[in-house]
>>> print(open('start_4.cif').read())   # mmCIF, C-alpha atoms
data_work
loop_
_atom_site.label_atom_id
_atom_site.label_comp_id
_atom_site.auth_asym_id
_atom_site.auth_seq_id
_atom_site.Cartn_x
_atom_site.Cartn_y
_atom_site.Cartn_z
CA MET A 1105 255.30 45.89 44.67
CA SER A 1106 253.03 43.48 46.50
CA ASP A 1107 254.30 40.37 44.74
CA GLU A 1108 253.41 37.61 47.20
CA ARG A 1109 255.96 35.26 45.68
CA ARG A 1110 258.83 37.65 46.24
CA SER A 1111 261.42 35.97 48.41
CA LEU A 1112 262.72 37.36 51.68
CA LEU A 1113 265.94 39.34 51.82
CA ALA A 1114 267.39 36.94 54.42
CA GLU A 1115 267.05 34.08 51.91
CA LYS A 1116 269.84 35.63 49.85
CA THR A 1117 272.31 34.60 52.57
CA PRO A 1118 270.46 32.12 54.82
CA PHE A 1119 271.45 32.00 58.49
CA PRO A 1120 273.12 28.78 59.73
CA ASP A 1121 270.59 25.97 60.32
CA ASP A 1122 271.47 25.57 63.99
CA LEU A 1123 270.47 29.11 65.00
CA ASP A 1124 267.76 29.21 67.69
CA GLU A 1125 264.38 29.25 65.92
CA ARG A 1126 262.89 32.26 67.69
CA LEU A 1127 266.05 34.32 67.21
CA ARG A 1128 266.22 33.28 63.56
CA ALA A 1129 262.69 34.62 63.01
CA GLN A 1130 263.64 37.89 64.71
CA LEU A 1131 266.83 38.29 62.66
CA THR A 1132 264.96 37.44 59.45
CA PHE A 1133 262.52 40.28 60.23
CA LEU A 1134 265.36 42.67 61.14
CA VAL A 1135 267.12 41.96 57.83
CA GLU A 1136 263.86 42.29 55.86
CA VAL A 1137 263.19 45.77 57.28
CA ASP A 1138 266.53 46.95 55.86
CA GLN A 1139 264.35 47.72 52.84
CA LEU A 1140 262.85 50.72 54.65
CA LYS A 1141 266.10 52.48 53.72
CA THR A 1142 265.21 52.15 50.03
CA ILE A 1143 261.66 53.57 50.13
CA LEU A 1144 261.89 57.15 48.87
CA ARG A 1145 259.57 59.86 50.11
CA GLN A 1146 258.70 63.13 48.38
CA SER A 1147 260.41 65.32 50.99
CA PRO A 1148 263.79 66.87 50.15
CA LEU A 1149 266.52 66.61 52.81
CA ALA A 1150 267.65 69.85 54.45
CA ALA A 1151 271.29 68.65 54.49
CA ALA A 1152 271.70 67.30 50.95
CA ASP A 1153 270.23 67.60 47.47
CA ARG A 1154 268.20 64.41 47.41
CA ARG A 1155 264.91 62.99 48.64
CA GLU A 1156 264.53 61.42 52.05
CA ASN A 1157 263.96 57.72 52.62
CA ASP A 1158 261.59 56.14 55.13
CA ALA A 1159 264.30 54.95 57.55
CA GLU A 1160 265.84 58.42 57.77
CA HIS A 1161 262.35 59.91 58.21
CA SER A 1162 261.48 57.45 60.98
CA TRP A 1163 264.73 58.20 62.82
CA HIS A 1164 264.06 61.93 62.54
CA LEU A 1165 260.54 61.56 63.97
CA ALA A 1166 261.92 59.57 66.91
CA MET A 1167 264.46 62.32 67.63
CA MET A 1168 261.66 64.89 67.42
CA VAL A 1169 259.64 62.96 70.00
CA VAL A 1170 262.63 63.06 72.38
CA ILE A 1171 263.03 66.83 71.98
CA LEU A 1172 259.43 68.02 71.52
CA ALA A 1173 257.42 65.74 73.84
CA GLU A 1174 257.04 68.58 76.36
CA HIS A 1175 254.75 70.35 73.88
CA SER A 1176 252.13 67.61 73.93
CA ASP A 1177 248.84 68.95 75.30
CA GLU A 1178 248.32 65.65 77.14
CA PRO A 1179 251.04 63.77 79.06
CA ILE A 1180 252.65 61.08 76.89
CA ASP A 1181 254.91 58.10 77.46
CA VAL A 1182 257.98 59.08 75.42
CA GLY A 1183 259.35 55.55 74.97
CA HIS A 1184 256.00 54.27 73.74
CA THR A 1185 255.55 57.20 71.35
CA ILE A 1186 259.01 56.58 69.91
CA GLN A 1187 258.11 52.95 69.21
CA LEU A 1188 255.04 54.12 67.27
CA VAL A 1189 257.08 56.37 64.98
CA LEU A 1190 259.86 53.79 64.52
CA LEU A 1191 257.45 51.29 62.98
CA HIS A 1192 254.72 53.52 61.49
CA ASP A 1193 256.05 53.29 57.92
CA LEU A 1194 257.22 49.66 57.92
CA VAL A 1195 254.20 48.57 55.88
CA GLU A 1196 255.52 50.72 53.02
CA ILE A 1197 258.22 48.09 52.46
CA TYR A 1198 255.55 46.07 50.64
CA ALA A 1199 252.85 48.73 50.07
CA GLY A 1200 255.05 51.64 48.91
CA ASP A 1201 254.92 55.27 49.98
CA THR A 1202 251.62 57.10 49.41
CA PRO A 1203 252.37 60.82 48.99
CA LEU A 1204 250.25 63.09 51.19
CA TYR A 1205 249.12 65.18 48.22
CA ASP A 1206 248.26 62.21 45.94
CA SER A 1207 244.53 61.56 46.38
CA ALA A 1208 244.40 58.80 43.75
CA ALA A 1209 247.06 56.68 45.44
CA GLY A 1210 245.17 57.03 48.72
CA VAL A 1211 242.14 55.10 47.42
CA ASP A 1212 243.28 51.53 48.18
CA GLN A 1213 246.08 52.57 50.54
CA ARG A 1214 244.52 51.04 53.65
CA GLU A 1215 243.91 47.69 51.94
CA ARG A 1216 247.46 47.50 50.57
CA GLU A 1217 248.96 48.44 53.92
CA VAL A 1218 246.97 45.90 55.93
CA ALA A 1219 248.11 43.13 53.58
CA ALA A 1220 251.68 44.38 53.97
CA ALA A 1221 251.39 44.39 57.78
CA ASP A 1222 250.12 40.79 57.77
CA LYS A 1223 253.04 39.67 55.64
CA LEU A 1224 255.81 41.66 57.33
CA PHE A 1225 254.85 41.29 60.99
CA GLY A 1226 254.04 37.63 60.26
CA LEU A 1227 257.79 37.01 59.98
CA LEU A 1228 258.10 37.53 63.74
CA PRO A 1229 257.30 35.06 66.53
CA ALA A 1230 253.50 35.19 67.05
CA ASP A 1231 253.58 37.21 70.30
CA GLN A 1232 255.78 39.89 68.73
CA ALA A 1233 253.75 39.91 65.50
CA ARG A 1234 250.65 40.68 67.57
CA ARG A 1235 252.44 43.42 69.49
CA MET A 1236 253.79 45.11 66.34
CA ARG A 1237 250.35 44.96 64.73
CA SER A 1238 248.80 46.42 67.86
CA LEU A 1239 251.30 49.32 67.84
CA TRP A 1240 250.70 49.99 64.15
CA ASP A 1241 246.91 49.89 64.66
CA GLU A 1242 247.30 52.33 67.56
CA PHE A 1243 249.25 54.73 65.34
CA GLU A 1244 246.74 54.47 62.51
CA GLU A 1245 243.67 54.92 64.75
CA ARG A 1246 245.14 58.04 66.31
CA ARG A 1247 243.12 57.83 69.53
CA THR A 1248 245.72 57.61 72.33
CA PRO A 1249 247.73 60.72 73.28
CA GLU A 1250 250.88 58.89 72.14
CA ALA A 1251 249.41 58.07 68.71
CA LYS A 1252 248.18 61.64 68.27
CA PHE A 1253 251.62 62.99 69.06
CA ALA A 1254 253.32 60.44 66.79
CA LYS A 1255 251.04 61.50 63.92
CA ALA A 1256 251.75 65.15 64.67
CA MET A 1257 255.49 64.47 64.29
CA ASP A 1258 254.79 62.66 61.00
CA ARG A 1259 253.13 65.84 59.70
CA LEU A 1260 255.48 68.38 61.30
CA GLN A 1261 258.74 66.85 60.07
CA PRO A 1262 258.09 67.26 56.31
CA LEU A 1263 256.73 70.73 57.08
CA LEU A 1264 260.16 71.62 58.51
CA LEU A 1265 261.90 70.12 55.47
CA ASN A 1266 259.60 72.05 53.11
CA TRP A 1267 260.36 75.23 55.03
CA MET A 1268 264.09 74.58 54.68
CA ALA A 1269 263.63 73.88 50.94
CA ARG A 1270 261.58 77.08 50.54
CA GLY A 1271 258.62 75.17 49.20
CA GLY A 1272 259.45 71.52 48.57
CA THR A 1273 256.24 69.51 48.15
CA TRP A 1274 254.17 72.65 48.88
CA ARG A 1275 254.86 73.35 45.21
CA THR A 1276 253.07 70.16 44.09
CA PRO A 1277 250.90 71.14 41.06
CA GLY A 1278 247.28 71.79 42.03
CA ILE A 1279 248.07 72.16 45.74
CA THR A 1280 247.40 75.42 47.58
CA ALA A 1281 248.40 76.76 50.97
CA ASP A 1282 244.86 75.92 52.15
CA ASP A 1283 245.39 72.28 51.17
CA VAL A 1284 248.60 72.27 53.18
CA ARG A 1285 246.80 73.78 56.21
CA ALA A 1286 244.01 71.19 55.94
CA ARG A 1287 246.40 68.24 55.81
CA LYS A 1288 248.61 69.54 58.62
CA ALA A 1289 245.78 70.46 61.01
CA VAL A 1290 246.08 67.09 62.81
CA ILE A 1291 249.18 68.53 64.49
CA GLY A 1292 246.72 70.60 66.54
CA GLU A 1293 245.08 67.45 67.89
CA ALA A 1294 248.30 66.71 69.78
CA SER A 1295 249.88 70.09 70.49
CA SER A 1296 248.44 73.59 70.26
CA ALA A 1297 251.96 75.08 70.57
CA LEU A 1298 253.39 73.03 67.71
CA TRP A 1299 250.38 73.66 65.49
CA GLU A 1300 250.67 77.39 66.15
CA ALA A 1301 254.33 77.22 65.04
CA GLY A 1302 253.47 74.99 62.06
CA ARG A 1303 250.72 77.33 60.92
CA ARG A 1304 253.12 80.25 61.27
CA LEU A 1305 255.58 78.55 58.88
CA ILE A 1306 252.82 77.69 56.39
CA ASP A 1307 251.46 81.26 56.50
CA GLU A 1308 254.91 82.76 56.08
CA GLY A 1309 255.66 80.35 53.23
CA GLU A 1310 252.48 81.44 51.46
CA THR A 1311 253.39 85.11 51.97
CA ARG A 1312 256.81 84.47 50.43
CA GLY A 1313 255.30 82.65 47.45
CA TRP A 1314 256.60 79.18 48.40
CA SER A 1315 253.07 77.77 48.10
CA ARG A 1316 250.14 78.80 45.92
CA SER A 1317 247.44 81.00 47.41
CA GLY A 1318 243.82 80.46 46.43
CA VAL A 1319 241.00 78.06 47.13
CA SER A 1320 241.35 74.28 47.00
CA ARG A 1321 240.26 72.24 44.03
CA PRO A 1322 236.67 70.99 44.35
CA MET B 671 285.03 68.75 59.53
CA SER B 672 285.18 70.55 62.86
CA ASP B 673 285.16 74.04 61.39
CA GLU B 674 283.90 76.13 64.30
CA ARG B 675 282.89 78.96 62.01
CA ARG B 676 280.65 76.75 59.91
CA SER B 677 277.15 78.16 59.99
CA LEU B 678 274.10 76.22 61.11
CA LEU B 679 271.83 74.53 58.61
CA ALA B 680 268.80 76.43 59.96
CA GLU B 681 270.51 79.72 59.03
CA LYS B 682 269.99 78.88 55.36
CA THR B 683 266.27 79.53 55.83
CA PRO B 684 265.88 81.30 59.20
CA PHE B 685 262.67 80.71 61.13
CA PRO B 686 260.34 83.73 61.55
CA ASP B 687 261.55 86.10 64.29
CA ASP B 688 258.39 85.79 66.35
CA LEU B 689 258.72 82.05 67.00
CA ASP B 690 258.89 81.14 70.70
CA GLU B 691 262.56 81.20 71.74
CA ARG B 692 262.69 77.75 73.35
CA LEU B 693 260.88 76.13 70.43
CA ARG B 694 263.15 77.94 67.97
CA ALA B 695 266.21 76.45 69.69
CA GLN B 696 264.63 72.98 69.54
CA LEU B 697 263.74 73.31 65.84
CA THR B 698 267.21 74.66 65.05
CA PHE B 699 268.69 71.52 66.63
CA LEU B 700 266.21 69.25 64.83
CA VAL B 701 267.11 70.81 61.47
CA GLU B 702 270.85 70.61 62.24
CA VAL B 703 270.67 66.88 62.93
CA ASP B 704 269.30 66.30 59.41
CA GLN B 705 273.01 66.03 58.58
CA LEU B 706 273.13 62.60 60.25
CA LYS B 707 271.53 61.36 57.00
CA THR B 708 274.66 62.40 55.08
CA ILE B 709 277.30 60.69 57.26
CA LEU B 710 278.30 57.50 55.44
CA ARG B 711 279.38 54.39 57.31
CA GLN B 712 281.47 51.51 55.98
CA SER B 713 278.64 48.96 56.17
CA PRO B 714 276.88 47.91 52.96
CA LEU B 715 273.06 47.83 53.04
CA ALA B 716 271.39 44.43 52.72
CA ALA B 717 268.61 45.91 50.56
CA ALA B 718 270.59 48.03 48.07
CA ASP B 719 274.04 48.34 46.56
CA ARG B 720 275.31 51.28 48.57
CA ARG B 721 276.76 52.13 51.98
CA GLU B 722 274.58 52.89 54.98
CA ASN B 723 274.29 56.32 56.56
CA ASP B 724 274.18 57.12 60.28
CA ALA B 725 270.46 57.99 60.40
CA GLU B 726 269.49 54.69 58.76
CA HIS B 727 271.87 52.85 61.10
CA SER B 728 270.41 54.57 64.17
CA TRP B 729 266.86 53.73 63.11
CA HIS B 730 267.87 50.11 62.55
CA LEU B 731 269.43 49.86 66.02
CA ALA B 732 266.26 51.27 67.58
CA MET B 733 264.15 48.67 65.78
CA MET B 734 266.57 45.96 66.98
CA VAL B 735 266.12 47.12 70.58
CA VAL B 736 262.33 46.76 70.20
CA ILE B 737 262.63 43.21 68.84
CA LEU B 738 265.68 41.84 70.71
CA ALA B 739 265.38 43.40 74.20
CA GLU B 740 264.20 40.05 75.60
CA HIS B 741 267.70 38.66 75.03
CA SER B 742 269.35 41.09 77.43
CA ASP B 743 270.94 39.21 80.34
CA GLU B 744 269.79 41.99 82.69
CA PRO B 745 266.34 43.64 82.61
CA ILE B 746 266.41 46.85 80.56
CA ASP B 747 264.11 49.83 80.07
CA VAL B 748 263.33 49.57 76.35
CA GLY B 749 262.32 53.22 75.87
CA HIS B 750 265.49 54.45 77.55
CA THR B 751 267.69 52.07 75.54
CA ILE B 752 266.09 53.28 72.31
CA GLN B 753 266.91 56.89 73.21
CA LEU B 754 270.56 55.91 73.68
CA VAL B 755 270.82 54.38 70.20
CA LEU B 756 268.89 57.23 68.55
CA LEU B 757 271.49 59.78 69.63
CA HIS B 758 274.67 57.70 69.96
CA ASP B 759 276.08 58.81 66.59
CA LEU B 760 274.92 62.44 66.59
CA VAL B 761 278.43 63.68 67.43
CA GLU B 762 279.58 62.31 64.06
CA ILE B 763 277.77 65.24 62.41
CA TYR B 764 280.78 67.35 63.38
CA ALA B 765 283.37 64.65 64.23
CA GLY B 766 282.79 62.26 61.30
CA ASP B 767 282.46 58.47 61.36
CA THR B 768 285.42 56.54 62.78
CA PRO B 769 285.48 53.07 61.18
CA LEU B 770 285.73 50.20 63.69
CA TYR B 771 288.72 48.70 61.92
CA ASP B 772 290.67 52.00 61.55
CA SER B 773 293.03 52.22 64.54
CA ALA B 774 294.69 55.45 63.37
CA ALA B 775 291.43 57.38 63.22
CA GLY B 776 290.59 56.17 66.72
CA VAL B 777 293.51 58.06 68.30
CA ASP B 778 291.86 61.47 68.79
CA GLN B 779 288.30 60.20 68.34
CA ARG B 780 287.19 60.91 71.91
CA GLU B 781 288.53 64.48 71.84
CA ARG B 782 286.85 65.26 68.51
CA GLU B 783 283.57 63.76 69.64
CA VAL B 784 283.44 65.64 72.96
CA ALA B 785 283.97 68.93 71.11
CA ALA B 786 281.20 67.94 68.70
CA ALA B 787 278.84 67.09 71.57
CA ASP B 788 279.46 70.48 73.21
CA LYS B 789 278.68 72.29 69.97
CA LEU B 790 275.68 70.23 68.84
CA PHE B 791 273.87 69.71 72.15
CA GLY B 792 274.64 73.36 72.98
CA LEU B 793 272.06 74.36 70.37
CA LEU B 794 269.30 73.06 72.68
CA PRO B 795 267.81 74.80 75.74
CA ALA B 796 270.23 74.24 78.62
CA ASP B 797 268.14 71.59 80.43
CA GLN B 798 267.83 69.50 77.26
CA ALA B 799 271.49 70.01 76.36
CA ARG B 800 272.43 68.55 79.76
CA ARG B 801 270.05 65.62 79.30
CA MET B 802 271.35 64.76 75.82
CA ARG B 803 274.94 64.96 77.04
CA SER B 804 274.08 62.73 79.97
CA LEU B 805 272.50 60.13 77.65
CA TRP B 806 275.50 60.22 75.32
CA ASP B 807 277.93 59.87 78.26
CA GLU B 808 275.87 56.93 79.51
CA PHE B 809 276.16 55.23 76.12
CA GLU B 810 279.90 55.86 75.88
CA GLU B 811 280.65 54.69 79.43
CA ARG B 812 278.76 51.45 78.87
CA ARG B 813 278.07 50.79 82.54
CA THR B 814 274.24 50.63 82.79
CA PRO B 815 272.41 47.56 81.43
CA GLU B 816 270.73 49.86 78.90
CA ALA B 817 274.05 51.27 77.65
CA LYS B 818 275.56 47.79 77.41
CA PHE B 819 272.61 46.60 75.35
CA ALA B 820 272.69 49.71 73.14
CA LYS B 821 276.39 49.11 72.45
CA ALA B 822 275.68 45.46 71.70
CA MET B 823 273.15 46.51 69.04
CA ASP B 824 275.73 48.92 67.60
CA ARG B 825 278.09 45.97 67.13
CA LEU B 826 275.52 43.35 66.12
CA GLN B 827 273.84 45.38 63.36
CA PRO B 828 276.89 45.73 61.07
CA LEU B 829 277.66 42.09 61.80
CA LEU B 830 274.26 41.20 60.29
CA LEU B 831 274.93 43.46 57.29
CA ASN B 832 278.37 41.89 56.79
CA TRP B 833 276.80 38.44 56.95
CA MET B 834 274.25 39.47 54.29
CA ALA B 835 277.06 40.91 52.13
CA ARG B 836 279.10 37.70 52.57
CA GLY B 837 282.01 39.61 54.03
CA GLY B 838 281.51 43.37 53.81
CA THR B 839 283.97 45.14 56.12
CA TRP B 840 285.25 41.75 57.36
CA ARG B 841 287.31 41.90 54.15
CA THR B 842 289.11 45.11 55.27
CA PRO B 843 292.82 44.61 54.40
CA GLY B 844 294.88 43.45 57.40
CA ILE B 845 291.82 42.38 59.40
CA THR B 846 291.35 38.76 60.45
CA ALA B 847 288.42 36.82 61.86
CA ASP B 848 290.12 37.07 65.27
CA ASP B 849 290.10 40.88 65.00
CA VAL B 850 286.39 40.72 64.25
CA ARG B 851 285.77 38.46 67.27
CA ALA B 852 287.77 40.79 69.53
CA ARG B 853 285.85 43.90 68.45
CA LYS B 854 282.46 42.21 68.65
CA ALA B 855 282.98 40.57 72.06
CA VAL B 856 281.25 43.48 73.83
CA ILE B 857 277.96 41.97 72.60
CA GLY B 858 278.56 39.32 75.25
CA GLU B 859 278.58 41.94 78.00
CA ALA B 860 274.88 42.53 77.30
CA SER B 861 273.54 39.23 76.01
CA SER B 862 275.02 35.75 76.07
CA ALA B 863 272.37 34.54 73.58
CA LEU B 864 273.10 37.28 71.02
CA TRP B 865 276.85 36.87 71.39
CA GLU B 866 276.50 33.13 70.86
CA ALA B 867 274.59 33.84 67.63
CA GLY B 868 277.03 36.59 66.60
CA ARG B 869 280.02 34.32 67.16
CA ARG B 870 278.28 31.61 65.16
CA LEU B 871 277.97 33.99 62.18
CA ILE B 872 281.60 35.12 62.48
CA ASP B 873 282.82 31.50 62.71
CA GLU B 874 280.71 30.43 59.75
CA GLY B 875 281.89 33.45 57.76
CA GLU B 876 285.50 32.49 58.44
CA THR B 877 284.81 28.89 57.39
CA ARG B 878 283.30 30.14 54.13
CA GLY B 879 286.26 32.43 53.45
CA TRP B 880 284.36 35.72 53.98
CA SER B 881 287.03 36.84 56.47
CA ARG B 882 290.74 36.04 56.70
CA SER B 883 291.90 33.36 59.12
CA GLY B 884 295.17 33.79 61.00
CA VAL B 885 296.53 35.73 63.92
CA SER B 886 296.02 39.47 64.39
CA ARG B 887 298.66 41.99 63.45
CA PRO B 888 300.98 42.89 66.36
#
>>> encode(input="start_4.cif", output="structure tokens")
Amino acid sequence: MSDERRSLLAEKTPFPDDLDERLRAQLTFLVEVDQLKTILRQSPLAAADRRENDAEHSWHLAMMVVILAEHSDEPIDVGHTIQLVLLHDLVEIYAGDTPLYDSAAGVDQREREVAAADKLFGLLPADQARRMRSLWDEFEERRTPEAKFAKAMDRLQPLLLNWMARGGTWRTPGITADDVRARKAVIGEASSALWEAGRRLIDEGETRGWSRSGVSRP
Amino acid sequence: MSDERRSLLAEKTPFPDDLDERLRAQLTFLVEVDQLKTILRQSPLAAADRRENDAEHSWHLAMMVVILAEHSDEPIDVGHTIQLVLLHDLVEIYAGDTPLYDSAAGVDQREREVAAADKLFGLLPADQARRMRSLWDEFEERRTPEAKFAKAMDRLQPLLLNWMARGGTWRTPGITADDVRARKAVIGEASSALWEAGRRLIDEGETRGWSRSGVSRP
């Protein structure tokens, strides 16, 4: 996946030579990120019998920010929070998706994603590359109210899809309802109301047998 | 498509009864809009051999706003513009996609889409329903600098995909390069730089035979 020699998507149909250089760099990036639509996640769609891709997921998070921002425990800048969720998964274009319940894949995840960020954002004019990297770092560090809320959306959205699927990835072998609670608890760092609702869905799912009860693996 | 009796997606797996009423309405809406991921457009992806769906398209437009906002001829509020593109196609969940080069389907498009907006936004708490409708009206009326820029992205993005596909929907039977220019000219209402680049791609595509030369149909 992280083949450094892989050519850019835009090179398949190069833009005319006389295009403004800065705009050409921007369009090259915007064509390259079309690949986000091909990165499959584990989550099943609610509206169709297939898995979700990263572009659909990112759009859904952005829409959730618009509708649910009022539930943030701290005031947040909605436009800024939306930008965080729009780009939070871009690094997966080169680094791939790392499933939440796959501990092994998580080992070198950070390293792979930083290399991907350098390569992908490096397509942009330098000022915009720095800004995109800064936004992605903000999301990853989860310290600002906006980043906390963005991360909460990233955890709440698949929870909703799993609820709709009556289990979904909650049924991952070896995973218990306690594991789900542990991984979703970051929602509570952004919004007590949304975490209360999220916990309610997880509890109810466990009661209905959509996830496994019992203690976590050691 | 506009079957009024069609049940809501969230009714397939109803939320627990004790969920807060306002939050339940918001989550019901957020599950319903999952269907945007199933509305297919005419545009071919650059990254895979299939057509694009509305959720992917909306995400791509939002990312374009982040990167290309500097090219707007008038100053724009980036966060507000992103919200316009995120929701601009939501009405297609009930009204369906109306291809740009299909004049017949355009006849009752407005009527179908207004009915869809009433139904879909009506799932939200009243204050948010009004706000979403106001944002959608703003996009459709194309009077604010933000709405003009959002519409420009909506026209520029498939142009990029058609360029990458060496034709794409430019090859629609009966459509000429002049038709493409006429339908894309609204880009120029928002950004002279982006319209210059867009026209350059259309011209070059015509030269290379990716669209048909000649006058428009009467």
>>> atom_distance(input="start_4.cif", atom1="CA of Arg1270 in chain A", atom2="CA of Gly1302 in chain A")
14.2 Å
>>> closest_atom_pairs(input="start_4.cif", of="range 753-852 of chain B", to="range 689-701 of chain B", cutoff="7 Å", atoms="only C-alpha atoms", output="tab-separated table")
residue	atom	partner	partner_atom	distance
B:Leu793	CA	B:Phe699	CA	5.8
B:Leu794	CA	B:Ala695	CA	5.5
B:Pro795	CA	B:Arg692	CA	6.4
>>> residues_around(input="start_4.cif", residues="Leu731 in chain B", least_positions_apart="3", cutoff="7 Å", atoms="all atoms listed in the file", output="list of chain:residue names")
B:His727, B:Ser728, B:Met734, B:Val735, B:Val755, B:Met823, B:Asp824, B:Gln827
>>> closest_residue(input="start_4.cif", among="A:Gly1278, A:Gly1292, A:Gly1183, A:Gly1226", to="Lys1255 in chain A", atoms="all atoms listed in the file")
A:Gly1292
>>> interface_residues(input="start_4.cif", of="chain A", to="chain B", cutoff="6 Å", atoms="all atoms listed in the file", output="VMD selection string")
chain A and resid 1117 1138 to 1139 1151 1159 to 1160 1163 1183 1268
>>> residues_around(input="start_4.cif", residues="Pro843 in chain B", least_positions_apart="2", cutoff="12 Å", atoms="only C-alpha atoms", output="short mmCIF file (atom, residue, chain, number, x, y, z; two decimals) with C-alpha atoms, keeping the file's coordinate frame")
data_model
loop_
_atom_site.label_atom_id
_atom_site.label_comp_id
_atom_site.auth_asym_id
_atom_site.auth_seq_id
_atom_site.Cartn_x
_atom_site.Cartn_y
_atom_site.Cartn_z
CA TYR B 771 288.72 48.70 61.92
CA ASP B 772 290.67 52.00 61.55
CA GLY B 837 282.01 39.61 54.03
CA GLY B 838 281.51 43.37 53.81
CA THR B 839 283.97 45.14 56.12
CA TRP B 840 285.25 41.75 57.36
CA ARG B 841 287.31 41.90 54.15
CA ILE B 845 291.82 42.38 59.40
CA THR B 846 291.35 38.76 60.45
CA ALA B 847 288.42 36.82 61.86
CA ASP B 849 290.10 40.88 65.00
CA SER B 881 287.03 36.84 56.47
CA ARG B 882 290.74 36.04 56.70
CA SER B 886 296.02 39.47 64.39
CA ARG B 887 298.66 41.99 63.45
#
>>> residues_around(input="start_4.cif", residues="Lys854 in chain B", least_positions_apart="2", cutoff="9 Å", atoms="all atoms listed in the file", output="ChimeraX atom specification")
/B:822,825-826,829,849-852,856-858,865,868-869
>>> atom_distance(input="start_4.cif", atom1="CA of Ile709 in chain B", atom2="CA of Leu1194 in chain A")
22.9 Å
>>> decode(input="start_4.cif", residues="range 1262-1279 of chain A", atoms="N, CA and C atoms", output="compact mmCIF listing (two decimals), in the first residue's frame")
# COMPACT_ATOMS: atom_id res chain seq x y z
N PRO A 1262 -20.07 5.03 13.62
CA PRO A 1262 -20.16 3.58 13.45
C PRO A 1262 -21.02 2.91 14.52
N LEU A 1263 -21.12 3.54 15.69
CA LEU A 1263 -22.00 3.01 16.73
C LEU A 1263 -23.46 3.03 16.22
N LEU A 1264 -23.83 4.13 15.57
CA LEU A 1264 -25.19 4.22 15.00
C LEU A 1264 -25.39 3.16 13.91
N LEU A 1265 -24.37 2.99 13.05
CA LEU A 1265 -24.49 1.99 11.98
C LEU A 1265 -24.57 0.58 12.56
N ASN A 1266 -23.80 0.30 13.62
CA ASN A 1266 -23.87 -1.02 14.26
C ASN A 1266 -25.24 -1.25 14.89
N TRP A 1267 -25.78 -0.19 15.49
CA TRP A 1267 -27.13 -0.29 16.05
C TRP A 1267 -28.12 -0.66 14.94
N MET A 1268 -28.05 0.06 13.82
CA MET A 1268 -28.97 -0.19 12.71
C MET A 1268 -28.81 -1.62 12.17
N ALA A 1269 -27.55 -2.12 12.18
CA ALA A 1269 -27.27 -3.47 11.67
C ALA A 1269 -27.52 -4.55 12.72
N ARG A 1270 -27.97 -4.13 13.90
CA ARG A 1270 -28.20 -5.06 15.01
C ARG A 1270 -26.94 -5.88 15.33
N GLY A 1271 -25.84 -5.15 15.43
CA GLY A 1271 -24.60 -5.81 15.80
C GLY A 1271 -23.41 -5.28 15.00
N GLY A 1272 -23.42 -5.56 13.69
CA GLY A 1272 -22.31 -5.09 12.86
C GLY A 1272 -20.97 -5.52 13.43
N THR A 1273 -20.04 -4.58 13.57
CA THR A 1273 -18.69 -4.95 14.04
C THR A 1273 -18.66 -5.25 15.54
N TRP A 1274 -19.78 -5.03 16.25
CA TRP A 1274 -19.83 -5.47 17.66
C TRP A 1274 -19.68 -6.99 17.73
N ARG A 1275 -19.98 -7.65 16.60
CA ARG A 1275 -19.92 -9.12 16.57
C ARG A 1275 -18.53 -9.62 16.20
N THR A 1276 -17.55 -8.73 16.10
CA THR A 1276 -16.18 -9.14 15.78
C THR A 1276 -15.72 -10.22 16.79
N PRO A 1277 -15.20 -11.36 16.31
CA PRO A 1277 -14.79 -12.43 17.23
C PRO A 1277 -13.82 -11.93 18.30
N GLY A 1278 -14.07 -12.33 19.54
CA GLY A 1278 -13.17 -11.95 20.64
C GLY A 1278 -13.51 -10.61 21.28
N ILE A 1279 -14.46 -9.89 20.71
CA ILE A 1279 -14.82 -8.57 21.22
C ILE A 1279 -16.08 -8.67 22.09
